[in-house]
$ cat entry-v4.pdb   # PDB, C-alpha atoms
ATOM      1  CA  MET F  85     265.104   3.825 176.967
ATOM      2  CA  PHE F  86     263.391   3.522 173.572
ATOM      3  CA  LYS F  87     261.606   6.803 174.260
ATOM      4  CA  SER F  88     264.885   8.608 174.857
ATOM      5  CA  LYS F  89     266.228   7.243 171.552
ATOM      6  CA  ILE F  90     263.228   8.666 169.697
ATOM      7  CA  LYS F  91     263.721  11.981 171.490
ATOM      8  CA  GLU F  92     267.386  12.002 170.476
ATOM      9  CA  ALA F  93     266.467  11.267 166.861
ATOM     10  CA  ALA F  94     263.855  14.030 166.915
ATOM     11  CA  ILE F  95     266.471  16.506 168.162
ATOM     12  CA  CYS F  96     268.872  15.447 165.424
ATOM     13  CA  PHE F  97     266.327  15.772 162.598
ATOM     14  CA  SER F  98     264.506  18.883 163.721
ATOM     15  CA  ASN F  99     267.394  21.224 164.369
ATOM     16  CA  LEU F 100     270.914  21.446 163.079
ATOM     17  CA  ARG F 101     272.148  22.817 166.406
ATOM     18  CA  VAL F 102     272.052  20.162 169.108
ATOM     19  CA  THR F 103     274.215  21.897 171.701
ATOM     20  CA  LEU F 104     272.547  22.667 175.009
ATOM     21  CA  PRO F 105     272.825  26.401 175.733
ATOM     22  CA  TYR F 106     273.317  25.462 179.376
ATOM     23  CA  PRO F 107     275.268  28.094 181.322
ATOM     24  CA  PHE F 108     273.276  30.708 179.422
ATOM     25  CA  GLY F 109     269.668  30.314 178.350
ATOM     26  CA  ASN F 110     266.918  28.619 180.311
ATOM     27  CA  GLY F 111     268.996  26.466 182.581
ATOM     28  CA  ALA F 112     269.233  22.721 182.826
ATOM     29  CA  GLU F 113     266.484  20.151 182.545
ATOM     30  CA  ILE F 114     266.559  18.028 185.677
ATOM     31  CA  PRO F 115     265.090  14.522 185.553
ATOM     32  CA  GLU F 116     262.535  13.417 188.098
ATOM     33  CA  GLY F 117     263.982  11.809 191.199
ATOM     34  CA  PHE F 118     267.297  13.573 190.946
ATOM     35  CA  ARG F 119     269.015  13.996 194.296
ATOM     36  CA  GLY F 120     271.039  17.144 194.787
ATOM     37  CA  LYS F 121     272.476  18.936 197.773
ATOM     38  CA  LEU F 122     270.705  18.037 201.007
ATOM     39  CA  ASP F 123     268.870  20.623 203.011
ATOM     40  CA  ILE F 124     267.659  20.450 206.593
ATOM     41  CA  ASP F 125     264.652  22.182 208.061
ATOM     42  CA  GLU F 126     265.692  23.150 211.571
ATOM     43  CA  THR F 127     262.125  23.725 212.768
ATOM     44  CA  LYS F 128     261.199  20.091 212.065
ATOM     45  CA  CYS F 129     264.375  18.382 213.306
ATOM     46  CA  ILE F 130     264.093  16.686 216.692
ATOM     47  CA  GLY F 131     267.768  15.736 216.966
ATOM     48  CA  CYS F 132     267.294  11.969 217.041
ATOM     49  CA  GLY F 133     270.566  11.280 215.186
ATOM     50  CA  GLY F 134     269.161   8.681 212.796
ATOM     51  CA  CYS F 135     270.719  10.425 209.807
ATOM     52  CA  ALA F 136     274.163  10.337 211.425
ATOM     53  CA  ASN F 137     273.676   6.636 212.050
ATOM     54  CA  VAL F 138     273.029   5.650 208.429
ATOM     55  CA  CYS F 139     275.268   8.115 206.550
ATOM     56  CA  PRO F 140     277.846   6.006 204.627
ATOM     57  CA  SER F 141     280.445   8.775 204.441
ATOM     58  CA  ARG F 142     279.819   9.861 208.049
ATOM     59  CA  LEU F 143     279.450  13.510 207.141
ATOM     60  CA  ILE F 144     276.760  14.179 209.770
ATOM     61  CA  ARG F 145     278.213  14.711 213.227
ATOM     62  CA  PHE F 146     276.397  15.114 216.508
ATOM     63  CA  TYR F 147     277.755  16.828 219.577
ATOM     64  CA  ASP F 148     275.546  16.354 222.585
ATOM     65  CA  ASP F 149     275.908  18.952 225.284
ATOM     66  CA  GLY F 150     273.111  18.612 227.831
ATOM     67  CA  ASP F 151     270.099  20.546 226.637
ATOM     68  CA  GLN F 152     271.804  21.636 223.442
ATOM     69  CA  THR F 153     272.770  19.478 220.454
ATOM     70  CA  ARG F 154     275.040  20.698 217.695
ATOM     71  CA  MET F 155     274.803  19.019 214.280
ATOM     72  CA  GLU F 156     277.417  19.422 211.577
ATOM     73  CA  PHE F 157     276.961  18.560 207.909
ATOM     74  CA  ILE F 158     280.221  18.434 205.948
ATOM     75  CA  LEU F 159     278.699  18.224 202.488
ATOM     76  CA  ASP F 160     281.882  18.063 200.418
ATOM     77  CA  ARG F 161     281.973  14.294 200.853
ATOM     78  CA  CYS F 162     278.274  13.619 200.352
ATOM     79  CA  THR F 163     277.462  10.615 198.129
ATOM     80  CA  TYR F 164     273.894  11.845 197.466
ATOM     81  CA  CYS F 165     272.525   8.415 198.371
ATOM     82  CA  GLY F 166     269.474   9.907 200.120
ATOM     83  CA  ARG F 167     269.516   7.503 203.058
ATOM     84  CA  CYS F 168     269.265  10.354 205.566
ATOM     85  CA  GLU F 169     266.123  11.544 203.828
ATOM     86  CA  GLU F 170     264.712   8.019 203.929
ATOM     87  CA  VAL F 171     265.371   7.465 207.620
ATOM     88  CA  CYS F 172     264.298  10.877 208.956
ATOM     89  CA  PRO F 173     261.110  10.361 211.024
ATOM     90  CA  GLU F 174     260.021  14.009 210.866
ATOM     91  CA  GLU F 175     260.929  14.534 207.190
ATOM     92  CA  ALA F 176     263.245  17.359 208.185
ATOM     93  CA  ILE F 177     265.951  16.395 205.695
ATOM     94  CA  ASN F 178     265.162  16.585 202.023
ATOM     95  CA  MET F 179     267.374  16.260 198.986
ATOM     96  CA  THR F 180     266.907  19.356 196.883
ATOM     97  CA  ILE F 181     267.431  19.420 193.106
ATOM     98  CA  GLU F 182     270.245  21.927 193.510
ATOM     99  CA  PHE F 183     273.350  20.694 191.675
ATOM    100  CA  GLU F 184     275.144  23.985 191.059
ATOM    101  CA  THR F 185     277.380  23.644 194.094
ATOM    102  CA  SER F 186     280.769  24.408 192.556
ATOM    103  CA  THR F 187     282.849  26.651 194.753
ATOM    104  CA  ASN F 188     286.367  27.829 195.331
ATOM    105  CA  ASP F 189     286.091  27.505 199.103
ATOM    106  CA  LYS F 190     285.402  24.213 200.819
ATOM    107  CA  THR F 191     283.730  25.822 203.839
ATOM    108  CA  ASP F 192     280.791  26.824 201.627
ATOM    109  CA  LEU F 193     279.693  23.191 201.742
ATOM    110  CA  TYR F 194     279.070  23.168 205.456
ATOM    111  CA  ILE F 195     275.900  23.375 207.524
ATOM    112  CA  GLU F 196     275.885  23.780 211.268
ATOM    113  CA  GLN F 197     272.787  23.660 213.370
ATOM    114  CA  ASP F 198     271.998  24.084 217.038
ATOM    115  CA  LEU F 199     269.030  22.383 218.606
ATOM    116  CA  TYR F 200     267.616  23.006 222.044
ATOM    117  CA  MET F 201     266.597  19.658 223.421
ATOM    118  CA  ALA F 202     263.694  19.235 225.780
ATOM    119  CA  THR F 203     264.710  18.563 229.330
ATOM    120  CA  CYS F 204     262.549  17.729 232.250
ATOM    121  CA  ALA F 205     262.521  20.540 234.779
ATOM    122  CA  ARG F 206     262.684  18.044 237.623
ATOM    123  CA  CYS F 207     265.410  15.627 236.700
ATOM    124  CA  GLY F 208     267.118  17.483 233.828
ATOM    125  CA  ARG F 209     266.946  14.607 231.360
ATOM    126  CA  CYS F 210     265.632  14.637 227.790
ATOM    127  CA  PHE F 211     262.330  12.889 227.253
ATOM    128  CA  GLU F 212     259.855  12.069 224.546
ATOM    129  CA  ILE F 213     256.269  13.261 224.526
ATOM    130  CA  GLU F 214     253.780  10.589 223.547
ATOM    131  CA  ASN F 215     250.694  12.739 223.179
ATOM    132  CA  SER F 216     250.574  14.557 219.843
ATOM    133  CA  ILE F 217     248.637  17.489 221.346
ATOM    134  CA  ASP F 218     251.413  18.063 223.860
ATOM    135  CA  LYS F 219     253.896  18.002 220.998
ATOM    136  CA  ILE F 220     252.433  21.099 219.345
ATOM    137  CA  PRO F 221     254.034  23.755 221.585
ATOM    138  CA  THR F 222     257.353  21.906 221.632
ATOM    139  CA  ARG F 223     257.780  22.089 217.869
ATOM    140  CA  ARG F 224     257.982  25.866 217.960
ATOM    141  CA  LEU F 225     259.308  26.256 221.469
ATOM    142  CA  ARG F 226     261.499  23.480 222.764
ATOM    143  CA  GLN F 227     262.154  25.141 226.094
ATOM    144  CA  GLY F 228     258.408  25.069 226.695
ATOM    145  CA  ARG F 229     258.751  21.378 227.427
ATOM    146  CA  ASN F 230     259.421  22.128 231.071
ATOM    147  CA  PHE F 231     256.552  20.716 233.003
ATOM    148  CA  LEU F 232     256.033  20.617 236.720
ATOM    149  CA  GLY F 233     253.793  18.782 239.124
ATOM    150  CA  ASP F 234     250.518  17.553 237.678
ATOM    151  CA  CYS F 235     251.266  19.109 234.275
ATOM    152  CA  MET F 236     253.935  16.457 233.669
ATOM    153  CA  PRO F 237     252.975  14.567 230.501
ATOM    154  CA  SER F 238     252.692  10.820 230.528
ATOM    155  CA  GLY F 239     255.920  10.258 228.573
ATOM    156  CA  ALA F 240     258.138  12.058 231.059
ATOM    157  CA  PRO F 241     260.661  10.036 233.021
ATOM    158  CA  PRO F 242     259.607   9.207 236.562
ATOM    159  CA  GLN F 243     260.688  11.401 239.384
ATOM    160  CA  ARG F 244     264.012  10.405 240.902
ATOM    161  CA  GLU F 245     264.525   9.713 244.570
ATOM    162  CA  GLU F 246     267.007  12.550 245.206
ATOM    163  CA  ASP F 247     264.624  15.121 243.684
ATOM    164  CA  LYS F 248     261.808  14.115 246.033
ATOM    165  CA  LYS F 249     263.725  15.142 249.137
TER
ATOM    166  CA  MET T 150     290.162  39.448 192.858
ATOM    167  CA  LEU T 151     290.459  35.820 191.824
ATOM    168  CA  LYS T 152     288.202  36.475 188.834
ATOM    169  CA  LYS T 153     290.404  39.343 187.650
ATOM    170  CA  LEU T 154     293.508  37.225 188.104
ATOM    171  CA  CYS T 155     291.849  34.407 186.141
ATOM    172  CA  LYS T 156     290.901  36.737 183.313
ATOM    173  CA  LYS T 157     294.415  38.118 183.181
ATOM    174  CA  ALA T 158     296.155  34.793 183.480
ATOM    175  CA  PHE T 159     293.863  32.824 181.157
ATOM    176  CA  PRO T 160     292.703  35.289 178.493
ATOM    177  CA  LYS T 161     292.327  32.709 175.760
ATOM    178  CA  ALA T 162     291.535  29.024 175.579
ATOM    179  CA  LEU T 163     291.974  26.752 178.576
ATOM    180  CA  TRP T 164     293.694  23.511 177.801
ATOM    181  CA  VAL T 165     292.870  20.824 180.279
ATOM    182  CA  TYR T 166     294.648  17.693 181.311
ATOM    183  CA  HIS T 167     292.484  15.054 182.884
ATOM    184  CA  THR T 168     293.872  12.690 185.501
ATOM    185  CA  ASN T 169     292.206   9.881 187.382
ATOM    186  CA  CYS T 170     293.770   9.366 190.815
ATOM    187  CA  ALA T 171     291.669   6.628 192.355
ATOM    188  CA  ALA T 172     288.223   7.278 190.921
ATOM    189  CA  CYS T 173     285.598   4.708 190.038
ATOM    190  CA  ASN T 174     285.409   6.079 186.462
ATOM    191  CA  GLY T 175     282.005   7.709 187.023
ATOM    192  CA  CYS T 176     283.385  11.230 187.062
ATOM    193  CA  ASP T 177     285.609  10.481 184.038
ATOM    194  CA  ILE T 178     282.577   9.470 182.006
ATOM    195  CA  GLU T 179     280.868  12.721 182.957
ATOM    196  CA  ILE T 180     283.956  14.717 181.925
ATOM    197  CA  ILE T 181     283.933  13.002 178.536
ATOM    198  CA  ASN T 182     280.231  13.806 178.355
ATOM    199  CA  VAL T 183     281.017  17.500 178.854
ATOM    200  CA  LEU T 184     283.371  17.426 175.854
ATOM    201  CA  THR T 185     280.749  15.918 173.516
ATOM    202  CA  PRO T 186     278.843  18.193 171.073
ATOM    203  CA  TYR T 187     275.711  18.107 173.234
ATOM    204  CA  TYR T 188     277.270  19.957 176.171
ATOM    205  CA  ASP T 189     280.158  21.293 174.102
ATOM    206  CA  ALA T 190     282.730  22.711 176.487
ATOM    207  CA  GLU T 191     284.776  23.771 173.452
ATOM    208  CA  ARG T 192     282.518  26.833 173.258
ATOM    209  CA  PHE T 193     284.631  28.183 176.106
ATOM    210  CA  GLY T 194     287.869  27.144 174.440
ATOM    211  CA  ILE T 195     288.320  24.083 176.591
ATOM    212  CA  LYS T 196     290.381  21.416 174.908
ATOM    213  CA  LEU T 197     291.680  18.126 176.207
ATOM    214  CA  VAL T 198     295.422  17.699 175.788
ATOM    215  CA  GLY T 199     297.586  14.655 176.237
ATOM    216  CA  SER T 200     300.381  16.056 178.359
ATOM    217  CA  PRO T 201     300.461  18.107 181.571
ATOM    218  CA  ARG T 202     303.205  20.250 180.030
ATOM    219  CA  HIS T 203     300.714  21.638 177.515
ATOM    220  CA  ALA T 204     297.948  22.167 180.046
ATOM    221  CA  ASP T 205     296.625  25.199 181.922
ATOM    222  CA  VAL T 206     294.096  23.292 183.988
ATOM    223  CA  LEU T 207     294.276  19.952 185.760
ATOM    224  CA  LEU T 208     291.015  18.066 186.166
ATOM    225  CA  VAL T 209     291.553  15.675 189.051
ATOM    226  CA  THR T 210     288.990  12.977 189.810
ATOM    227  CA  GLY T 211     289.031  10.564 192.698
ATOM    228  CA  GLY T 212     290.607  10.599 196.112
ATOM    229  CA  VAL T 213     294.380  10.344 196.347
ATOM    230  CA  SER T 214     295.598   6.890 197.286
ATOM    231  CA  ARG T 215     299.047   6.360 198.764
ATOM    232  CA  GLN T 216     300.273   4.793 195.567
ATOM    233  CA  ILE T 217     299.251   7.698 193.327
ATOM    234  CA  ALA T 218     300.189  10.582 195.678
ATOM    235  CA  PRO T 219     303.844  11.029 194.507
ATOM    236  CA  ALA T 220     302.690  10.812 190.876
ATOM    237  CA  VAL T 221     300.069  13.533 191.431
ATOM    238  CA  LYS T 222     302.677  15.786 193.030
ATOM    239  CA  ARG T 223     304.979  15.260 190.036
ATOM    240  CA  LEU T 224     302.079  15.966 187.704
ATOM    241  CA  TYR T 225     301.365  19.226 189.518
ATOM    242  CA  ASN T 226     305.006  20.266 189.284
ATOM    243  CA  ALA T 227     305.136  19.368 185.582
ATOM    244  CA  THR T 228     302.296  21.769 184.744
ATOM    245  CA  PRO T 229     303.571  25.231 183.785
ATOM    246  CA  ASN T 230     302.469  28.270 185.788
ATOM    247  CA  PRO T 231     299.873  29.791 185.971
ATOM    248  CA  LYS T 232     297.716  26.743 186.541
ATOM    249  CA  LEU T 233     294.311  25.903 187.953
ATOM    250  CA  VAL T 234     293.332  22.654 189.639
ATOM    251  CA  PHE T 235     289.735  21.419 189.542
ATOM    252  CA  ALA T 236     288.702  18.700 191.984
ATOM    253  CA  ILE T 237     285.795  16.903 190.326
ATOM    254  CA  GLY T 238     283.509  14.611 192.255
ATOM    255  CA  SER T 239     282.932  14.017 195.937
ATOM    256  CA  CYS T 240     286.033  11.809 196.261
ATOM    257  CA  ALA T 241     288.274  14.592 195.037
ATOM    258  CA  CYS T 242     286.527  17.272 197.096
ATOM    259  CA  GLY T 243     286.292  15.588 200.474
ATOM    260  CA  GLY T 244     287.203  11.916 200.166
ATOM    261  CA  ASP T 245     283.655  10.541 199.955
ATOM    262  CA  VAL T 246     283.195   7.249 201.847
ATOM    263  CA  PHE T 247     286.923   6.556 201.630
ATOM    264  CA  PHE T 248     287.976   9.691 203.501
ATOM    265  CA  ASP T 249     289.569   7.807 206.387
ATOM    266  CA  SER T 250     290.612   4.574 204.688
ATOM    267  CA  TYR T 251     294.025   3.204 205.600
ATOM    268  CA  ASN T 252     295.252   3.333 202.005
ATOM    269  CA  MET T 253     294.113   6.861 201.214
ATOM    270  CA  TYR T 254     295.751  10.242 201.641
ATOM    271  CA  GLY T 255     292.256  11.659 201.563
ATOM    272  CA  ALA T 256     290.977  14.408 199.318
ATOM    273  CA  VAL T 257     293.033  15.938 196.523
ATOM    274  CA  ASP T 258     293.766  19.083 198.527
ATOM    275  CA  LYS T 259     295.884  17.033 200.934
ATOM    276  CA  ALA T 260     298.330  16.315 198.109
ATOM    277  CA  ILE T 261     298.179  19.396 195.879
ATOM    278  CA  PRO T 262     296.526  22.840 196.226
ATOM    279  CA  VAL T 263     293.040  22.910 194.676
ATOM    280  CA  ASP T 264     291.376  26.030 193.251
ATOM    281  CA  TYR T 265     287.842  24.873 192.474
ATOM    282  CA  TYR T 266     285.653  22.119 193.861
ATOM    283  CA  VAL T 267     282.837  20.469 191.894
ATOM    284  CA  PRO T 268     281.010  18.125 194.288
ATOM    285  CA  GLY T 269     278.662  15.415 193.091
ATOM    286  CA  CYS T 270     278.762  11.648 192.909
ATOM    287  CA  PRO T 271     279.251  11.867 189.978
ATOM    288  CA  PRO T 272     278.579  15.537 189.199
ATOM    289  CA  ARG T 273     276.139  16.237 186.385
ATOM    290  CA  PRO T 274     277.773  17.469 183.174
ATOM    291  CA  GLU T 275     275.919  20.730 183.780
ATOM    292  CA  ALA T 276     277.526  20.945 187.216
ATOM    293  CA  ILE T 277     280.993  20.639 185.669
ATOM    294  CA  LEU T 278     280.088  23.314 183.087
ATOM    295  CA  TYR T 279     278.827  25.478 185.938
ATOM    296  CA  GLY T 280     282.161  25.023 187.739
ATOM    297  CA  VAL T 281     283.988  26.101 184.586
ATOM    298  CA  GLY T 282     281.668  29.112 184.345
ATOM    299  CA  VAL T 283     282.419  30.067 187.952
ATOM    300  CA  ALA T 284     286.154  29.730 187.309
ATOM    301  CA  LEU T 285     285.957  31.898 184.193
ATOM    302  CA  GLY T 286     283.911  34.526 186.043
ATOM    303  CA  LEU T 287     280.825  34.037 183.843
ATOM    304  CA  LEU T 288     278.504  32.823 186.603
ATOM    305  CA  PRO T 289     278.030  33.701 190.285
ATOM    306  CA  LYS T 290     278.664  31.253 193.097
ATOM    307  CA  LYS T 291     275.442  29.924 194.608
ATOM    308  CA  VAL T 292     276.370  28.026 197.778
ATOM    309  CA  SER T 293     277.475  29.555 201.049
ATOM    310  CA  LYS T 294     278.245  28.381 204.566
ATOM    311  CA  LYS T 295     275.120  27.970 206.673
ATOM    312  CA  VAL T 296     275.038  28.216 210.439
ATOM    313  CA  LYS T 297     271.511  27.725 211.669
ATOM    314  CA  SER T 298     270.276  28.056 215.169
ATOM    315  CA  ASP T 299     266.987  26.562 216.263
ATOM    316  CA  PHE T 300     265.598  29.607 217.986
ATOM    317  CA  PRO T 301     268.080  32.455 218.082
ATOM    318  CA  GLU T 302     265.966  34.483 220.501
ATOM    319  CA  PHE T 303     266.905  32.055 223.258
ATOM    320  CA  GLN T 304     270.562  32.828 222.853
ATOM    321  CA  GLU T 305     269.909  36.504 223.446
ATOM    322  CA  LEU T 306     268.210  35.893 226.785
ATOM    323  CA  ASP T 307     270.398  36.382 229.830
ATOM    324  CA  GLU T 308     268.752  33.687 231.889
ATOM    325  CA  PRO T 309     267.480  30.408 230.461
ATOM    326  CA  MET T 310     263.730  29.943 230.595
ATOM    327  CA  ILE T 311     263.622  27.216 233.207
ATOM    328  CA  LEU T 312     260.971  27.201 235.848
ATOM    329  CA  PRO T 313     262.069  26.991 239.490
ATOM    330  CA  LYS T 314     262.398  23.561 241.002
ATOM    331  CA  GLU T 315     260.390  24.236 244.166
ATOM    332  CA  HIS T 316     256.801  24.905 243.330
TER
END

$ encode --input "entry-v4.pdb" --output "C-alpha cells"
Amino acid sequence: MFKSKIKEAAICFSNLRVTLPYPFGNGAEIPEGFRGKLDIDETKCIGCGGCANVCPSRLIRFYDDGDQTRMEFILDRCTYCGRCEEVCPEEAINMTIEFETSTNDKTDLYIEQDLYMATCARCGRCFEIENSIDKIPTRRLRQGRNFLGDCMPSGAPPQREEDKK
Amino acid sequence: MLKKLCKKAFPKALWVYHTNCAACNGCDIEIINVLTPYYDAERFGIKLVGSPRHADVLLVTGGVSRQIAPAVKRLYNATPNPKLVFAIGSCACGGDVFFDSYNMYGAVDKAIPVDYYVPGCPPRPEAILYGVGVALGLLPKKVSKKVKSDFPEFQELDEPMILPKEH
C-alpha cells in the first residue's frame, strides 16, 4: 500500500497530466491476479460437472444426453470468483484477463459446448480410464474409447448379464 | 445502424443520471472512480446530473428488487427521449447470485429496456469507459457468442463410429 502511495506521488510530481489515456493509447494496465471473463478449453474438458457444482450464481448448466453432454455458460451473471477454475481437475477452465466485455446484446455473453462422452461398447455406459497411457487417445478422440473383448481397460464397468447372452 | 442513431441522437455531451437499485455499492464506487480526474470520463462530455429529467443516459447498478421496481419504471418514464440505459455490473446484467431470489425481479432488463451491458463484479473503471466508448461508436465490440463442439467432424458422419457388438 505504501508503494502505491509513492507511485501516486511520483505521478503527481513528474507530470502535470495525470489522466489515463485509456480508450486510446496503450491500453489498460492490469494487475497480477486479476480475474476476467472465463474461458474453457474444449479439448481438455472431460465433462465431470465440478464447475457447475461449485458455481455460486449457477451459470454453468449441464444437459446429459447419453453419450453427449451439452454445457452452457451464461456469463452475464458471472461473479468472477474463480471457483470453477480452482475445482477443475483438468485445468480446462481458466480466467482470462479480458475485461472489455461490454456489449449491446446479452447473447454475446454465452458459451455453449458439446462433449462426446466415452461409452463402453458393450454396456453403453460412461466409464473412467485409470491407466494414463490409455487416456492419450481419448483426449483427442473420445469415440475411440470403445473397447471390446480383451482390449477392455481395467477401469471399464464389468460386463452385464444381459449382454453375455 | 445503432451507432449512427447514437451519433445523431447524442451529438454533444451525454449527461448521466446514476441510480442504485439494489446494488452492494461496489459498482457505484467504480462509477465515481470513472468520474475522477485519473480516468476522466468528462473528456467524452459525460457529466453527472442530479435529476433524471436532465439526463440522457441512465446508469443502473444492481438487480431490481420488488420494492424498487415501480420506482425504476417511473425513473425511466421521467427521462426525456432519446435515452440510453446502461446496466453496470453483473447484478444489473444478469442478476448475479440473486437472479432467482424470492424478493428480486431479476436483472434490470426485466423492468426497463436496457441498451448496453457492462458485466463485471464490480466492473473495472476501464471496463465502464470501454462500454461508453462502444456506445459512442469509438471502439469495436470484442465479445461474441461462442458455440463450441468437441469434435465437429463427428457430427458430419452419417453413422456413429461404434464397433459392432458381436465380435

$ closest_atom_pairs --input "entry-v4.pdb" --of "chain T" --to "chain F" --cutoff "9 Å" --atoms "all atoms listed in the file" --output "CSV"
residue,atom,partner,partner_atom,distance
T:Pro186,CA,F:Thr103,CA,6.0
T:Tyr187,CA,F:Thr103,CA,4.4
T:Tyr188,CA,F:Leu104,CA,5.6
T:Asp189,CA,F:Thr103,CA,6.4
T:Gly238,CA,F:Arg161,CA,8.7
T:Ser239,CA,F:Arg161,CA,5.0
T:Cys240,CA,F:Arg161,CA,6.6
T:Ala241,CA,F:Arg161,CA,8.6
T:Cys242,CA,F:Asp160,CA,5.8
T:Gly243,CA,F:Arg161,CA,4.5
T:Gly244,CA,F:Arg161,CA,5.8
T:Asp245,CA,F:Arg161,CA,4.2
T:Val246,CA,F:Ser141,CA,4.1
T:Phe247,CA,F:Ser141,CA,7.4
T:Phe248,CA,F:Ser141,CA,7.6
T:Val263,CA,F:Asn188,CA,8.3
T:Asp264,CA,F:Asn188,CA,5.7
T:Tyr265,CA,F:Asn188,CA,4.4
T:Tyr266,CA,F:Thr187,CA,5.4
T:Val267,CA,F:Ser186,CA,4.5
T:Pro268,CA,F:Asp160,CA,6.2
T:Gly269,CA,F:Thr163,CA,7.1
T:Cys270,CA,F:Thr163,CA,5.5
T:Pro271,CA,F:Thr163,CA,8.4
T:Pro272,CA,F:Phe183,CA,7.8
T:Arg273,CA,F:Phe183,CA,7.5
T:Glu275,CA,F:Tyr106,CA,7.0
T:Ala276,CA,F:Glu184,CA,5.4
T:Ile277,CA,F:Ser186,CA,7.9
T:Leu278,CA,F:Pro107,CA,7.0
T:Tyr279,CA,F:Pro107,CA,6.4
T:Gly280,CA,F:Ser186,CA,5.1
T:Val281,CA,F:Ser186,CA,8.8
T:Gly282,CA,F:Pro107,CA,7.2
T:Val283,CA,F:Ser186,CA,7.5
T:Ala284,CA,F:Asn188,CA,8.2
T:Leu287,CA,F:Pro107,CA,8.5
T:Leu288,CA,F:Pro107,CA,7.8
T:Lys290,CA,F:Thr187,CA,6.4
T:Lys291,CA,F:Thr185,CA,6.6
T:Val292,CA,F:Thr185,CA,5.8
T:Ser293,CA,F:Asp192,CA,4.3
T:Lys294,CA,F:Asp192,CA,4.2
T:Lys295,CA,F:Ile195,CA,4.7
T:Val296,CA,F:Glu196,CA,4.6
T:Lys297,CA,F:Gln197,CA,4.6
T:Ser298,CA,F:Asp198,CA,4.7
T:Asp299,CA,F:Leu199,CA,5.2
T:Phe300,CA,F:Leu225,CA,7.9
T:Phe303,CA,F:Gln227,CA,8.9
T:Pro309,CA,F:Gln227,CA,8.7
T:Met310,CA,F:Gln227,CA,6.8
T:Ile311,CA,F:Asn230,CA,6.9
T:Leu312,CA,F:Ala205,CA,6.9
T:Pro313,CA,F:Ala205,CA,8.0
T:Lys314,CA,F:Arg206,CA,6.5
T:His316,CA,F:Leu232,CA,7.9

$ residues_around --input "entry-v4.pdb" --residues "His203 of chain T" --least-positions-apart "4" --cutoff "12 Å" --atoms "only C-alpha atoms" --output "JSON list (two decimals) with C-alpha atoms, in the frame of the given file"
[["chain", "number", "residue", "atom", "x", "y", "z"],
["T", 162, "ALA", "CA", 291.54, 29.02, 175.58],
["T", 163, "LEU", "CA", 291.97, 26.75, 178.58],
["T", 164, "TRP", "CA", 293.69, 23.51, 177.80],
["T", 165, "VAL", "CA", 292.87, 20.82, 180.28],
["T", 166, "TYR", "CA", 294.65, 17.69, 181.31],
["T", 167, "HIS", "CA", 292.48, 15.05, 182.88],
["T", 196, "LYS", "CA", 290.38, 21.42, 174.91],
["T", 197, "LEU", "CA", 291.68, 18.13, 176.21],
["T", 198, "VAL", "CA", 295.42, 17.70, 175.79],
["T", 199, "GLY", "CA", 297.59, 14.66, 176.24],
["T", 207, "LEU", "CA", 294.28, 19.95, 185.76],
["T", 224, "LEU", "CA", 302.08, 15.97, 187.70],
["T", 227, "ALA", "CA", 305.14, 19.37, 185.58],
["T", 228, "THR", "CA", 302.30, 21.77, 184.74],
["T", 229, "PRO", "CA", 303.57, 25.23, 183.78],
["T", 230, "ASN", "CA", 302.47, 28.27, 185.79],
["T", 231, "PRO", "CA", 299.87, 29.79, 185.97],
["T", 232, "LYS", "CA", 297.72, 26.74, 186.54]]

$ atom_distance --input "entry-v4.pdb" --atom1 "atom CA of Val138 of chain F" --atom2 "atom CA of Pro173 of chain F"
13.1 Å

$ closest_residue --input "entry-v4.pdb" --among "T:Pro262, T:Asn226, T:Pro274, T:Asn169" --to "Gly211 of chain T" --atoms "all atoms listed in the file"
T:Asn169

$ resolve_selection --input "entry-v4.pdb" --expression "the PyMOL selection byres ((chain F and resi 176) around 12)" --output "ChimeraX atom specification"
/F:122-135,168-175,177-179

$ residues_around --input "entry-v4.pdb" --residues "Val209 of chain T" --least-positions-apart "4" --cutoff "8 Å" --atoms "all atoms listed in the file" --output "ChimeraX atom specification"
/T:167-170,234-237,241,257

$ build_atoms --input "entry-v4.pdb" --residues "segment 120-129 of chain F" --atoms "N, CA and C atoms" --output "tab-separated table (two decimals), keeping the file's coordinate frame"
chain	number	residue	atom	x	y	z
F	120	GLY	N	269.97	16.16	194.74
F	120	GLY	CA	271.04	17.14	194.79
F	120	GLY	C	271.51	17.37	196.20
F	121	LYS	N	271.94	18.58	196.46
F	121	LYS	CA	272.48	18.94	197.77
F	121	LYS	C	271.39	18.79	198.84
F	122	LEU	N	271.73	18.23	199.97
F	122	LEU	CA	270.70	18.04	201.01
F	122	LEU	C	270.46	19.33	201.77
F	123	ASP	N	269.23	19.45	202.24
F	123	ASP	CA	268.87	20.62	203.01
F	123	ASP	C	268.13	20.15	204.26
F	124	ILE	N	268.32	20.85	205.35
F	124	ILE	CA	267.66	20.45	206.59
F	124	ILE	C	266.79	21.58	207.12
F	125	ASP	N	265.59	21.22	207.51
F	125	ASP	CA	264.65	22.18	208.06
F	125	ASP	C	264.80	22.14	209.58
F	126	GLU	N	265.36	23.20	210.15
F	126	GLU	CA	265.69	23.15	211.57
F	126	GLU	C	264.46	23.22	212.45
F	127	THR	N	263.32	23.67	211.92
F	127	THR	CA	262.12	23.72	212.77
F	127	THR	C	261.48	22.36	212.91
F	128	LYS	N	261.78	21.42	211.98
F	128	LYS	CA	261.20	20.09	212.06
F	128	LYS	C	262.11	19.11	212.79
F	129	CYS	N	263.41	19.35	212.78
F	129	CYS	CA	264.38	18.38	213.31
F	129	CYS	C	264.20	18.21	214.81
